[in-house]
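Chemist: One file: protein-v4.cif (mmCIF, C-alpha atoms).
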data_start
loop_
_atom_site.label_atom_id
_atom_site.label_comp_id
_atom_site.auth_asym_id
_atom_site.auth_seq_id
_atom_site.Cartn_x
_atom_site.Cartn_y
_atom_site.Cartn_z
CA MET R 1180 -37.48 -56.60 7.54
CA ARG R 1181 -35.90 -58.99 5.14
CA ARG R 1182 -33.65 -56.19 3.76
CA LEU R 1183 -32.59 -54.95 7.22
CA PHE R 1184 -31.47 -58.34 8.43
CA LYS R 1185 -29.78 -59.42 5.28
CA ARG R 1186 -27.03 -61.99 5.75
CA ALA R 1187 -23.47 -60.64 5.97
CA ASP R 1188 -22.24 -63.01 3.33
CA ALA R 1189 -24.88 -61.89 0.88
CA GLU R 1190 -23.83 -60.92 -2.64
CA PRO R 1191 -22.69 -57.25 -2.85
CA LEU R 1192 -25.00 -54.88 -4.63
CA PRO R 1193 -23.88 -54.22 -8.20
CA GLY R 1194 -22.25 -50.77 -8.50
CA LEU R 1195 -21.24 -50.59 -4.83
CA ASP R 1196 -18.05 -52.59 -4.97
CA VAL R 1197 -14.62 -51.07 -4.26
CA GLY R 1198 -13.84 -50.56 -7.93
CA ALA R 1199 -16.89 -48.35 -8.36
CA LEU R 1200 -16.49 -46.38 -5.12
CA ALA R 1201 -12.80 -45.49 -5.53
CA PRO R 1202 -13.35 -42.86 -8.31
CA LEU R 1203 -16.15 -41.34 -6.23
CA VAL R 1204 -13.80 -40.98 -3.25
CA ASP R 1205 -11.12 -39.48 -5.52
CA MET R 1206 -13.57 -36.94 -6.91
CA MET R 1207 -14.82 -35.99 -3.46
CA THR R 1208 -11.24 -35.60 -2.22
CA LEU R 1209 -10.49 -33.21 -5.09
CA MET R 1210 -13.65 -31.23 -4.35
CA LEU R 1211 -12.78 -31.09 -0.66
CA VAL R 1212 -9.27 -29.80 -1.37
CA PHE R 1213 -10.66 -27.18 -3.74
CA LEU R 1214 -13.30 -26.05 -1.25
CA LEU R 1215 -10.89 -25.94 1.68
CA ARG R 1216 -8.43 -23.91 -0.43
CA SER R 1217 -11.05 -21.40 -1.53
CA TYR R 1218 -13.04 -21.47 1.71
CA SER R 1219 -13.97 -18.07 3.04
CA THR R 1220 -16.62 -16.87 5.46
CA GLU R 1221 -15.97 -13.19 4.74
CA ALA R 1222 -18.97 -11.49 3.27
CA ALA R 1223 -18.17 -9.80 -0.02
CA PRO R 1224 -18.39 -6.02 0.37
CA ALA R 1225 -21.43 -4.47 -1.21
CA PRO R 1226 -23.03 -1.03 -1.03
CA PRO R 1227 -26.65 -0.75 0.15
CA GLU R 1228 -27.64 0.27 -3.39
CA GLY R 1229 -26.25 0.27 -6.92
CA HIS R 1230 -23.84 -1.91 -8.83
CA PHE R 1231 -20.48 -2.85 -7.32
CA GLU R 1232 -17.71 -5.13 -8.48
CA LEU R 1233 -14.26 -5.51 -6.96
CA ALA R 1234 -11.13 -5.65 -9.07
CA GLY R 1235 -9.07 -8.84 -9.02
CA THR R 1236 -5.65 -9.34 -7.45
CA VAL R 1237 -3.19 -12.16 -6.98
CA SER R 1238 -2.45 -10.97 -3.44
CA GLU R 1239 -3.23 -13.46 -0.69
CA GLU R 1240 -2.78 -11.09 2.25
CA THR R 1241 -5.64 -11.46 4.71
CA ARG R 1242 -7.82 -8.71 6.11
CA LYS R 1243 -7.45 -7.15 9.56
CA PRO R 1244 -9.93 -5.03 11.55
CA ALA R 1245 -10.16 -1.59 9.96
CA VAL R 1246 -12.37 1.32 9.05
CA GLU R 1247 -14.00 0.37 5.75
CA ILE R 1248 -14.36 2.95 3.02
CA LEU R 1249 -16.42 1.65 0.12
CA ILE R 1250 -16.39 3.53 -3.20
CA SER R 1251 -19.19 2.40 -5.47
CA GLN R 1252 -19.98 3.91 -8.87
CA GLU R 1253 -22.54 6.15 -7.19
CA ALA R 1254 -21.33 7.06 -3.70
CA ILE R 1255 -18.72 6.75 -0.95
CA TYR R 1256 -19.59 4.91 2.28
CA VAL R 1257 -17.74 4.82 5.61
CA ASP R 1258 -18.50 1.66 7.59
CA GLY R 1259 -21.75 1.29 5.62
CA ARG R 1260 -22.90 4.91 6.01
CA ARG R 1261 -23.19 7.02 2.87
CA VAL R 1262 -21.14 10.22 3.14
CA VAL R 1263 -20.98 11.73 -0.35
CA ALA R 1264 -22.03 11.02 -3.94
CA VAL R 1265 -19.14 10.42 -6.35
CA ALA R 1266 -20.65 12.88 -8.84
CA TYR R 1267 -20.49 15.66 -6.23
CA LEU R 1268 -16.92 15.14 -5.06
CA PRO R 1269 -15.13 18.49 -4.70
CA GLU R 1270 -12.21 19.37 -6.94
CA GLU R 1271 -9.82 19.58 -3.97
CA LEU R 1272 -7.78 16.60 -2.84
CA LEU R 1273 -9.31 16.77 0.63
CA VAL R 1274 -12.92 15.57 0.71
CA ARG R 1275 -14.45 17.31 3.72
CA GLU R 1276 -17.54 15.04 3.77
CA LEU R 1277 -15.23 12.06 4.20
CA TYR R 1278 -12.66 13.74 6.43
CA ASP R 1279 -15.10 14.58 9.26
CA PRO R 1280 -16.42 11.02 9.86
CA LEU R 1281 -12.90 9.62 9.57
CA LEU R 1282 -11.68 11.99 12.29
CA LEU R 1283 -14.23 10.44 14.65
CA MET R 1284 -12.88 6.95 13.96
CA ARG R 1285 -9.22 7.50 14.64
CA GLY R 1286 -9.35 4.88 17.40
CA LYS R 1287 -8.98 2.24 14.71
CA ALA R 1288 -5.53 2.01 13.28
CA ARG R 1289 -6.20 1.04 9.70
CA VAL R 1290 -8.32 1.98 6.73
CA GLU R 1291 -9.40 -0.48 4.08
CA VAL R 1292 -10.63 0.90 0.77
CA HIS R 1293 -13.08 -1.23 -1.21
CA ALA R 1294 -13.25 0.44 -4.61
CA ASP R 1295 -15.34 -0.59 -7.58
CA ARG R 1296 -13.10 -1.81 -10.42
CA THR R 1297 -14.14 1.11 -12.66
CA ILE R 1298 -13.34 3.89 -10.17
CA PRO R 1299 -10.70 6.19 -11.70
CA TRP R 1300 -7.49 7.21 -9.95
CA SER R 1301 -8.75 10.82 -9.79
CA VAL R 1302 -11.40 9.66 -7.27
CA LEU R 1303 -9.30 7.04 -5.51
CA LYS R 1304 -6.40 9.41 -4.83
CA ARG R 1305 -8.73 11.94 -3.18
CA VAL R 1306 -10.11 9.26 -0.87
CA LEU R 1307 -6.63 8.01 0.01
CA HIS R 1308 -5.31 11.53 0.55
CA THR R 1309 -8.27 12.37 2.80
CA ALA R 1310 -7.79 9.21 4.88
CA ARG R 1311 -4.12 9.98 5.27
CA THR R 1312 -4.81 13.57 6.24
CA ALA R 1313 -7.27 12.31 8.86
CA GLY R 1314 -4.40 10.47 10.51
CA PHE R 1315 -4.60 6.99 8.99
CA GLU R 1316 -1.14 5.95 7.82
CA ASP R 1317 -1.92 2.27 7.41
CA LEU R 1318 -3.97 2.13 4.21
CA SER R 1319 -4.84 -0.87 2.12
CA LEU R 1320 -6.88 -1.67 -0.93
CA VAL R 1321 -9.17 -4.69 -0.93
CA ALA R 1322 -9.74 -6.72 -4.08
CA ALA R 1323 -11.12 -10.12 -5.00
CA SER R 1324 -8.39 -12.72 -4.78
CA THR R 1325 -7.81 -14.47 -8.08
CA SER R 1326 -4.90 -16.59 -6.94
CA SER R 1327 -5.18 -20.13 -8.23
CA LEU R 1328 -4.68 -23.41 -6.41
CA MET E 665 -13.63 -53.11 2.61
CA ARG E 666 -16.97 -51.83 1.33
CA PRO E 667 -18.37 -50.61 4.70
CA THR E 668 -15.12 -48.67 5.39
CA LEU E 669 -15.27 -46.91 2.05
CA LEU E 670 -18.94 -46.14 2.47
CA GLY E 671 -18.17 -44.49 5.82
CA VAL E 672 -15.48 -42.32 4.22
CA VAL E 673 -17.83 -41.33 1.41
CA THR E 674 -20.55 -40.40 3.91
CA LEU E 675 -18.14 -38.29 5.96
CA MET E 676 -16.84 -36.53 2.84
CA PHE E 677 -20.37 -35.87 1.66
CA LEU E 678 -21.21 -34.24 5.02
CA LEU E 679 -18.03 -32.15 4.90
CA LEU E 680 -18.73 -31.05 1.34
CA PHE E 681 -22.27 -30.06 2.28
CA PHE E 682 -21.01 -28.09 5.30
CA LEU E 683 -18.34 -26.27 3.27
CA LEU E 684 -20.67 -25.48 0.39
CA THR E 685 -23.31 -24.00 2.67
CA THR E 686 -20.99 -21.91 4.87
CA SER E 687 -18.53 -20.55 2.28
CA SER E 688 -19.14 -17.07 0.90
CA GLY E 689 -17.49 -18.14 -2.34
CA GLN E 690 -15.30 -15.04 -2.64
CA ARG E 691 -11.86 -14.66 -1.10
CA LEU E 692 -10.54 -11.17 -0.62
CA GLY E 693 -6.95 -10.08 -1.07
CA VAL E 694 -5.47 -7.05 0.65
CA ILE E 695 -2.88 -4.79 -0.99
CA ASP E 696 -1.00 -2.55 1.43
CA LEU E 697 -0.59 0.94 0.05
CA ARG E 698 2.28 3.36 0.29
CA LEU E 699 1.47 6.87 -0.76
CA GLY E 700 4.05 9.32 -1.92
CA SER E 701 3.61 13.04 -1.49
CA PRO E 702 5.85 16.06 -2.11
CA ALA E 703 5.91 16.80 1.62
CA ASP E 704 7.53 13.45 2.42
CA LEU E 705 11.22 13.26 3.09
CA ALA E 706 13.09 11.58 0.26
CA PRO E 707 14.17 8.03 1.17
CA LEU E 708 17.84 7.40 1.75
CA PRO E 709 19.66 6.59 -1.49
CA HIS E 710 19.76 2.90 -2.30
CA ALA E 711 23.27 1.44 -2.14
CA GLY E 712 22.79 -1.01 -5.02
CA LEU E 713 23.11 -0.55 -8.76
CA ILE E 714 19.46 0.27 -9.46
CA LYS E 715 18.66 3.61 -7.85
CA ASP E 716 15.12 4.46 -8.76
CA VAL E 717 12.39 2.40 -10.45
CA ARG E 718 9.34 4.20 -11.70
CA VAL E 719 6.35 2.95 -13.72
CA THR E 720 4.07 5.49 -15.35
CA LEU E 721 0.61 4.58 -16.53
CA ASN E 722 -0.68 6.90 -19.24
CA GLY E 723 -3.98 5.69 -20.63
CA ALA E 724 -3.17 2.10 -21.57
CA SER E 725 0.49 2.86 -22.25
CA LEU E 726 3.17 1.96 -19.72
CA THR E 727 6.58 3.54 -19.26
CA LEU E 728 9.30 1.99 -17.14
CA SER E 729 12.20 4.21 -16.16
CA TYR E 730 15.06 3.42 -13.83
CA GLU E 731 18.47 4.73 -12.89
CA VAL E 732 21.47 2.45 -13.21
CA GLN E 733 24.77 3.17 -11.56
CA SER E 734 27.88 2.33 -13.57
CA THR E 735 31.49 2.58 -12.52
CA ASP E 736 34.39 3.62 -14.73
CA ILE E 737 37.29 1.82 -13.11
CA ALA E 738 39.96 3.67 -15.14
CA ALA E 739 38.61 7.06 -14.15
CA ALA E 740 37.68 5.83 -10.66
CA ALA E 741 34.31 7.50 -11.05
CA THR E 742 30.71 6.38 -10.88
CA SER E 743 27.89 7.74 -12.98
CA VAL E 744 24.14 7.25 -12.90
CA GLU E 745 22.30 6.76 -16.16
CA ARG E 746 18.50 6.93 -16.51
CA ARG E 747 17.00 4.41 -18.88
CA GLU E 748 13.46 4.38 -20.14
CA GLN E 749 11.31 1.79 -21.88
CA VAL E 750 7.85 2.46 -23.31
CA PHE E 751 5.27 -0.30 -23.70
CA PRO E 752 2.43 0.75 -25.99
CA ALA E 753 -1.07 -0.56 -25.36
CA LYS E 754 -1.86 -4.02 -26.63
CA ASN E 755 -5.49 -4.55 -27.66
CA ALA E 756 -6.34 -1.29 -25.87
CA LYS E 757 -4.99 -2.72 -22.61
CA PRO E 758 -1.65 -2.22 -20.83
CA ASP E 759 0.98 -4.70 -22.01
CA LEU E 760 1.56 -6.29 -18.61
CA ALA E 761 3.56 -9.23 -19.99
CA ALA E 762 6.14 -6.89 -21.57
CA LEU E 763 6.33 -4.84 -18.36
CA LEU E 764 6.87 -8.00 -16.32
CA ALA E 765 9.70 -9.14 -18.59
CA ALA E 766 11.39 -5.74 -18.32
CA LEU E 767 10.97 -5.63 -14.53
CA VAL E 768 12.49 -9.10 -14.20
CA ALA E 769 15.50 -7.88 -16.22
CA VAL E 770 15.88 -4.81 -13.98
CA HIS E 771 15.47 -6.94 -10.86
CA ASP E 772 18.22 -9.26 -12.10
CA ILE E 773 20.66 -6.31 -12.19
CA ASP E 774 20.10 -5.49 -8.52
CA ARG E 775 18.12 -7.95 -6.43
CA SER E 776 18.44 -5.84 -3.28
CA GLN E 777 16.28 -3.04 -4.67
CA GLU E 778 12.75 -3.55 -3.29
CA ARG E 779 11.18 -0.16 -3.97
CA ALA E 780 9.32 1.01 -7.03
CA ARG E 781 6.96 3.88 -7.70
CA LEU E 782 3.77 3.76 -9.73
CA ALA E 783 2.34 6.97 -11.16
CA PRO E 784 -1.09 6.39 -12.70
CA ASP E 785 -2.84 9.10 -14.68
CA ASP E 786 -6.23 10.39 -13.53
CA THR E 787 -8.21 8.18 -15.92
CA ALA E 788 -6.59 4.89 -14.83
CA THR E 789 -9.17 2.59 -13.25
CA THR E 790 -8.73 0.77 -9.96
CA GLU E 791 -8.66 -2.52 -11.85
CA THR E 792 -5.74 -1.38 -14.03
CA ILE E 793 -3.84 0.11 -11.10
CA ILE E 794 -4.15 -3.11 -9.09
CA ALA E 795 -3.12 -5.22 -12.10
CA VAL E 796 0.01 -3.08 -12.63
CA MET E 797 0.79 -3.13 -8.89
CA ASP E 798 0.54 -6.93 -8.92
CA VAL E 799 3.03 -7.08 -11.79
CA ILE E 800 5.47 -4.70 -10.08
CA HIS E 801 5.16 -6.63 -6.82
CA GLY E 802 5.76 -9.93 -8.60
CA PRO E 803 4.75 -13.41 -7.45
CA THR E 804 4.35 -13.99 -3.70
CA ASP E 805 7.07 -16.64 -3.58
CA ALA E 806 9.57 -14.61 -5.65
CA PRO E 807 8.72 -10.92 -5.33
CA LEU E 808 10.31 -8.34 -7.64
CA PHE E 809 9.66 -4.94 -6.05
CA PRO E 810 7.39 -5.60 -3.04
CA LYS E 811 7.41 -2.01 -1.78
CA VAL E 812 5.29 -0.18 -4.34
CA THR E 813 4.56 3.48 -3.71
CA LEU E 814 1.65 5.20 -5.43
CA THR E 815 2.52 8.72 -6.44
CA GLY E 816 0.11 11.49 -7.32
CA SER E 817 0.67 12.33 -10.93
CA PRO E 818 2.97 11.30 -13.74
CA GLY E 819 5.87 13.50 -14.67
#
The structure given in the file should be rewritten as structure tokens.
Modeler:
Amino acid sequence: MRRLFKRADAEPLPGLDVGALAPLVDMMTLMLVFLLRSYSTEAAPAPPEGHFELAGTVSEETRKPAVEILISQEAIYVDGRRVVAVAYLPEELLVRELYDPLLLMRGKARVEVHADRTIPWSVLKRVLHTARTAGFEDLSLVAASTSSL
Amino acid sequence: MRPTLLGVVTLMFLLLFFLLTTSSGQRLGVIDLRLGSPADLAPLPHAGLIKDVRVTLNGASLTLSYEVQSTDIAAAATSVERREQVFPAKNAKPDLAALLAALVAVHDIDRSQERARLAPDDTATTETIIAVMDVIHGPTDAPLFPKVTLTGSPG
């Protein structure tokens, strides 16, 4: 009780004066700016199984609603559903296993490709060609933004 | 003075806690793709001095080629000359700094040219392709060639 009803003109607690609090406020302001600048509620894309790591980019373009094609080291997924293993991709540019599900999703205007950083162009170009053949002209590649403050 | 500051600190602490718990921690960047194919109609010729900019990625080696238009005033004739620069790999990685310097020089000749083509070889990884595309595109506030087209194969 004595602490709750302490007199207003009591001596300030050591370490809680303005001189001590100002650096704390500065530090918190810096942290707030950093967090607000890097704030994101988007879940990072990840396949249901296996290792996956996005490449980095300096682009700051934001995402829009789209059909998501994820290419992991093991398989290709369309909106989270596995369609074909990377090891069994056909030699042709058109990947039939990917083409058929994409045809059913032509209501959406865009396709976003989330490719693992190690995926070679030989695989990526087949996916992009197939998406384009299925009628998707608006294609984009998603990467982890590395742009600095 | 002290109670005011304490209130600010408390509010900031709550905000920090909220941001830390709700942020996914990873921001995603989107790169719009343009794909070139033999069936496409050729774009209309560019009116500026730089006609065609092409970057080829072969392993970790980069080649920049571009066509420059020059005018012979005495002969009242224009000619187009293709120039090529090769940037060998540096520490087994593409020499992006050298490519950037060369692209800036090309961009300075004709600032109205916005298109460039990138032809990666089949072994080029997504990470390398995106890094080269970022360099060709240039910084967001001062882009070099923002319309990058990916073409099928080098040559």
Chemist: In terms of the shortest atom-to-atom distance over all atoms listed in the file, which of E:Ala741, E:Gly693, E:Phe751, E:Thr668 is closest to chain R?
Modeler: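 Among the listed residues, E:Gly693 lies closest to chain R.
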Chemist: Quick one: which residues end up in the PyMOL selection byres ((chain E) within 6 of (chain R)) for this structure, as a list in words?
Modeler: Ser687, Ser688, Arg691, Leu692, Gly693, Val694, Ile695, Asp696, Leu697, Asp786, Thr787, Ala788, Thr789, Thr790 and Glu791 of chain E
Chemist: Produce a file of the selected residues containing C-alpha atoms, as a short mmCIF file (atom, residue, chain, number, x, y, z; two decimals), keeping the file's coordinate frame.
Modeler:
data_model
loop_
_atom_site.label_atom_id
_atom_site.label_comp_id
_atom_site.auth_asym_id
_atom_site.auth_seq_id
_atom_site.Cartn_x
_atom_site.Cartn_y
_atom_site.Cartn_z
CA SER E 687 -18.53 -20.55 2.28
CA SER E 688 -19.14 -17.07 0.90
CA ARG E 691 -11.86 -14.66 -1.10
CA LEU E 692 -10.54 -11.17 -0.62
CA GLY E 693 -6.95 -10.08 -1.07
CA VAL E 694 -5.47 -7.05 0.65
CA ILE E 695 -2.88 -4.79 -0.99
CA ASP E 696 -1.00 -2.55 1.43
CA LEU E 697 -0.59 0.94 0.05
CA ASP E 786 -6.23 10.39 -13.53
CA THR E 787 -8.21 8.18 -15.92
CA ALA E 788 -6.59 4.89 -14.83
CA THR E 789 -9.17 2.59 -13.25
CA THR E 790 -8.73 0.77 -9.96
CA GLU E 791 -8.66 -2.52 -11.85
#
Chemist: Using only C-alpha atoms and a cutoff of 10 Å, can you tell me which residues are near (-16.7, 3.7, 0.1) in the file's coordinates, and write them out as a ChimeraX atom specification?
Modeler: /R:1224-1226,1247-1265,1277,1291-1295,1303,1306
Chemist: Could you name the residues that touch Asp774 in chain E at 10 Å or less, counting only C-alpha atoms, but leaving out those on the same chain fewer than 2 positions away, as a PyMOL selection string?
Modeler: chain E and resi 711-715+732+769-772+776-778
Chemist: Any chance you can output those residues with C-alpha atoms as a PDB file, in the coordinates of the input?
Modeler:
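Output saved as out-v3.pdb:
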ATOM      1  CA  ALA E 711      23.270   1.440  -2.140  1.00  0.00           C
ATOM      2  CA  GLY E 712      22.790  -1.010  -5.020  1.00  0.00           C
ATOM      3  CA  LEU E 713      23.110  -0.550  -8.760  1.00  0.00           C
ATOM      4  CA  ILE E 714      19.460   0.270  -9.460  1.00  0.00           C
ATOM      5  CA  LYS E 715      18.660   3.610  -7.850  1.00  0.00           C
ATOM      6  CA  VAL E 732      21.470   2.450 -13.210  1.00  0.00           C
ATOM      7  CA  ALA E 769      15.500  -7.880 -16.220  1.00  0.00           C
ATOM      8  CA  VAL E 770      15.880  -4.810 -13.980  1.00  0.00           C
ATOM      9  CA  HIS E 771      15.470  -6.940 -10.860  1.00  0.00           C
ATOM     10  CA  ASP E 772      18.220  -9.260 -12.100  1.00  0.00           C
ATOM     11  CA  SER E 776      18.440  -5.840  -3.280  1.00  0.00           C
ATOM     12  CA  GLN E 777      16.280  -3.040  -4.670  1.00  0.00           C
ATOM     13  CA  GLU E 778      12.750  -3.550  -3.290  1.00  0.00           C
TER      14      GLU E 778
END
Chemist: Can you translate the PyMOL selection byres ((chain E and resi 758) around 7) into the concrete residues it hits in this file, as a ChimeraX atom specification?
Modeler: /E:724-726,753-754,756-757,759-760
Chemist: Selected residues, C-alpha atoms, written as a CSV table (one decimal), keeping the file's coordinate frame, please.
Modeler:
chain,number,residue,atom,x,y,z
E,724,ALA,CA,-3.2,2.1,-21.6
E,725,SER,CA,0.5,2.9,-22.2
E,726,LEU,CA,3.2,2.0,-19.7
E,753,ALA,CA,-1.1,-0.6,-25.4
E,754,LYS,CA,-1.9,-4.0,-26.6
E,756,ALA,CA,-6.3,-1.3,-25.9
E,757,LYS,CA,-5.0,-2.7,-22.6
E,759,ASP,CA,1.0,-4.7,-22.0
E,760,LEU,CA,1.6,-6.3,-18.6
Chemist: As an exercise, work out the distance from CA of Tyr730 in chain E to CA of Asp798 in chain E in Å and give it to one decimal place.
Modeler: 18.5 Å
Chemist: Any idea what the distance is between CA of Ala1313 in chain R and CA of Met797 in chain E?
Modeler: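 Here the two named atoms are 24.9 Å from each other.
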Chemist: If you measure from CA of Asp805 in chain E to CA of Leu764 in chain E, what distance in Å do you get, rounded to one decimal?
Modeler: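 Interatomic distance here is 15.4 Å.
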Chemist: If we count all atoms listed in the file, what is near Phe1315 in chain R at a cut-off of 10 Å, once residues fewer than 3 positions away on the same chain are taken out, given as an MDAnalysis selection string?
Modeler: chainID R and resid 1246 1281:1282 1284:1290 1307:1312 1318
Chemist: Out of E:Thr735, E:Leu728, E:Glu748, E:Leu808, which residue has the shortest atom-to-atom distance to Ala762 in chain E when counting only C-alpha atoms?
Modeler: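 Checking each candidate against Ala762 in chain E, we get E:Leu728 as the closest.
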Chemist: Given the file above and the PyMOL selection byres ((chain E and resi 699) around 7), which residues are selected, and can you give them as a VMD selection string?
Modeler: chain E and resid 697 to 698 700 to 701 813 to 815
Chemist: Using all atoms listed in the file, collect all residues at a distance of at most 8 Å from (6.5, 1.8, -5.3) as written in the file, then present them as a VMD selection string.
Modeler: chain E and resid 698 717 to 718 779 to 782 809 to 814
